[in-house]
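> Okay, here's the structure, questions in a sec.
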Amino acid sequence: MKAAELKEKTPEQLNEQLVALKKEAFNLRFQQATGQLESTARMRAVRRDVARVKTVLNQKAADAASSK
């Protein structure tokens with residue numbers, strides 16, 4: 001997922017994607033705890049995607065606040 005793709009989305013879409021990523025991160029942590037996790041790299045990717053979504057959301061909130 002690229003930051004440029006995220007910037008095109010609305011804050012509502014970003015919030016939905018953030019919820020989905022957090023659910024996936026939870027499921028990956030659960031799989032790791034039970035020894036069923038096959039791809040540990042996916043945990044890192046999801047964590048970084050969450051950070052990207054949060055960053056874009058904060059940027060959009062700052063832009064909205066500064067434009068008022």
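Residue numbers start at 1 in each chain; chains themselves are named A, B, ... in the order of the structure tokens; ligands are numbered from 1 in the order shown.
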Which residues are close to Thr55 of chain A, i.e. within 12 Å by only C-alpha atoms, leaving aside same-chain residues fewer than 5 positions away? Reply as an mmCIF file with N, CA and C atoms, in the first residue's frame.

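Output below, filename result_34.cif:
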```cif
data_model
loop_
_atom_site.group_PDB
_atom_site.id
_atom_site.type_symbol
_atom_site.label_atom_id
_atom_site.label_comp_id
_atom_site.auth_asym_id
_atom_site.auth_seq_id
_atom_site.Cartn_x
_atom_site.Cartn_y
_atom_site.Cartn_z
ATOM 1 N N ALA A 3 1.447 5.482 0.127
ATOM 2 C CA ALA A 3 0.864 6.664 0.774
ATOM 3 C C ALA A 3 0.065 7.478 -0.233
ATOM 4 N N ALA A 4 0.493 7.486 -1.481
ATOM 5 C CA ALA A 4 -0.237 8.245 -2.505
ATOM 6 C C ALA A 4 -1.639 7.682 -2.699
ATOM 7 N N LEU A 6 -3.390 6.242 -0.377
ATOM 8 C CA LEU A 6 -4.152 6.586 0.817
ATOM 9 C C LEU A 6 -4.617 8.036 0.796
ATOM 10 N N LYS A 7 -3.807 8.909 0.220
ATOM 11 C CA LYS A 7 -4.152 10.330 0.189
ATOM 12 C C LYS A 7 -5.385 10.599 -0.663
ATOM 13 N N PRO A 11 -11.534 10.411 4.684
ATOM 14 C CA PRO A 11 -11.262 10.002 6.067
ATOM 15 C C PRO A 11 -12.117 8.810 6.518
ATOM 16 N N LEU A 14 -10.504 5.754 5.158
ATOM 17 C CA LEU A 14 -9.267 5.492 5.889
ATOM 18 C C LEU A 14 -9.562 4.868 7.250
ATOM 19 N N ASN A 15 -10.601 5.349 7.913
ATOM 20 C CA ASN A 15 -10.969 4.770 9.210
ATOM 21 C C ASN A 15 -11.402 3.315 9.059
ATOM 22 N N LEU A 18 -8.324 1.315 8.571
ATOM 23 C CA LEU A 18 -7.585 1.207 9.826
ATOM 24 C C LEU A 18 -8.174 0.124 10.716
ATOM 25 N N ARG A 48 3.199 -1.418 9.593
ATOM 26 C CA ARG A 48 3.593 -0.242 8.815
ATOM 27 C C ARG A 48 2.405 0.363 8.069
ATOM 28 N N ASP A 49 1.505 -0.479 7.581
ATOM 29 C CA ASP A 49 0.300 0.028 6.917
ATOM 30 C C ASP A 49 -0.564 0.809 7.896
ATOM 31 N N VAL A 50 -0.673 0.318 9.129
ATOM 32 C CA VAL A 50 -1.428 1.038 10.157
ATOM 33 C C VAL A 50 -0.802 2.413 10.371
ATOM 34 N N LYS A 60 -4.601 14.887 7.021
ATOM 35 C CA LYS A 60 -5.891 15.411 6.560
ATOM 36 C C LYS A 60 -6.550 16.250 7.655
ATOM 37 N N ALA A 61 -6.450 15.822 8.908
ATOM 38 C CA ALA A 61 -7.025 16.582 10.014
ATOM 39 C C ALA A 61 -6.307 17.920 10.182
ATOM 40 N N ALA A 62 -4.992 17.938 10.028
ATOM 41 C CA ALA A 62 -4.229 19.175 10.137
ATOM 42 C C ALA A 62 -4.569 20.128 9.004
#
```
> Looking only at the backbone, which of the residues in chain A does DSSP tag as helix (DSSP H, G or I), as a VMD selection string?
chain A and resid 3 to 7 11 to 34 41 to 67
> Looking at A:Val19, A:Leu28, A:Glu12, A:Met1, which one is nearest to Ala41 of chain A, with distances taken over only C-alpha atoms?
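Under the stated criterion, the closest residue is A:Leu28.
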> Within 12 Å of Arg44 of chain A, counting only C-alpha atoms, which residues qualify if same-chain residues fewer than 6 places away don't, as a VMD selection string?
chain A and resid 21 24 to 25 28 to 29 50 to 51
> If you measure from atom CA of Glu16 of chain A to atom CA of Phe30 of chain A, what distance in Å do you get, rounded to one decimal?
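Atom-to-atom, atom CA of Glu16 of chain A and atom CA of Phe30 of chain A are spaced 21.4 Å apart.
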> With distances taken over only C-alpha atoms, which of A:Val46, A:Ala33, A:Leu57, A:Ala65 is nearest to Ala20 of chain A?
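The answer is A:Val46, which sits nearest to Ala20 of chain A.
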> A:Gln32, A:Val56, A:Leu37, A:Lys23: which is nearest Lys9 of chain A, counting only C-alpha atoms?
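Of all the options, A:Val56 lies closest to Lys9 of chain A.
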> Which residue is closest to Lys22 of chain A? Choose from A:Arg52, A:Lys68, A:Arg47, A:Arg42 and count only C-alpha atoms.
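Of all the options, A:Arg47 lies closest to Lys22 of chain A.
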> May I ask for the distance between atom CA of Ser66 of chain A and atom CA of Thr10 of chain A, given in Å to one decimal place?
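Here the two named atoms are 17.6 Å from each other.
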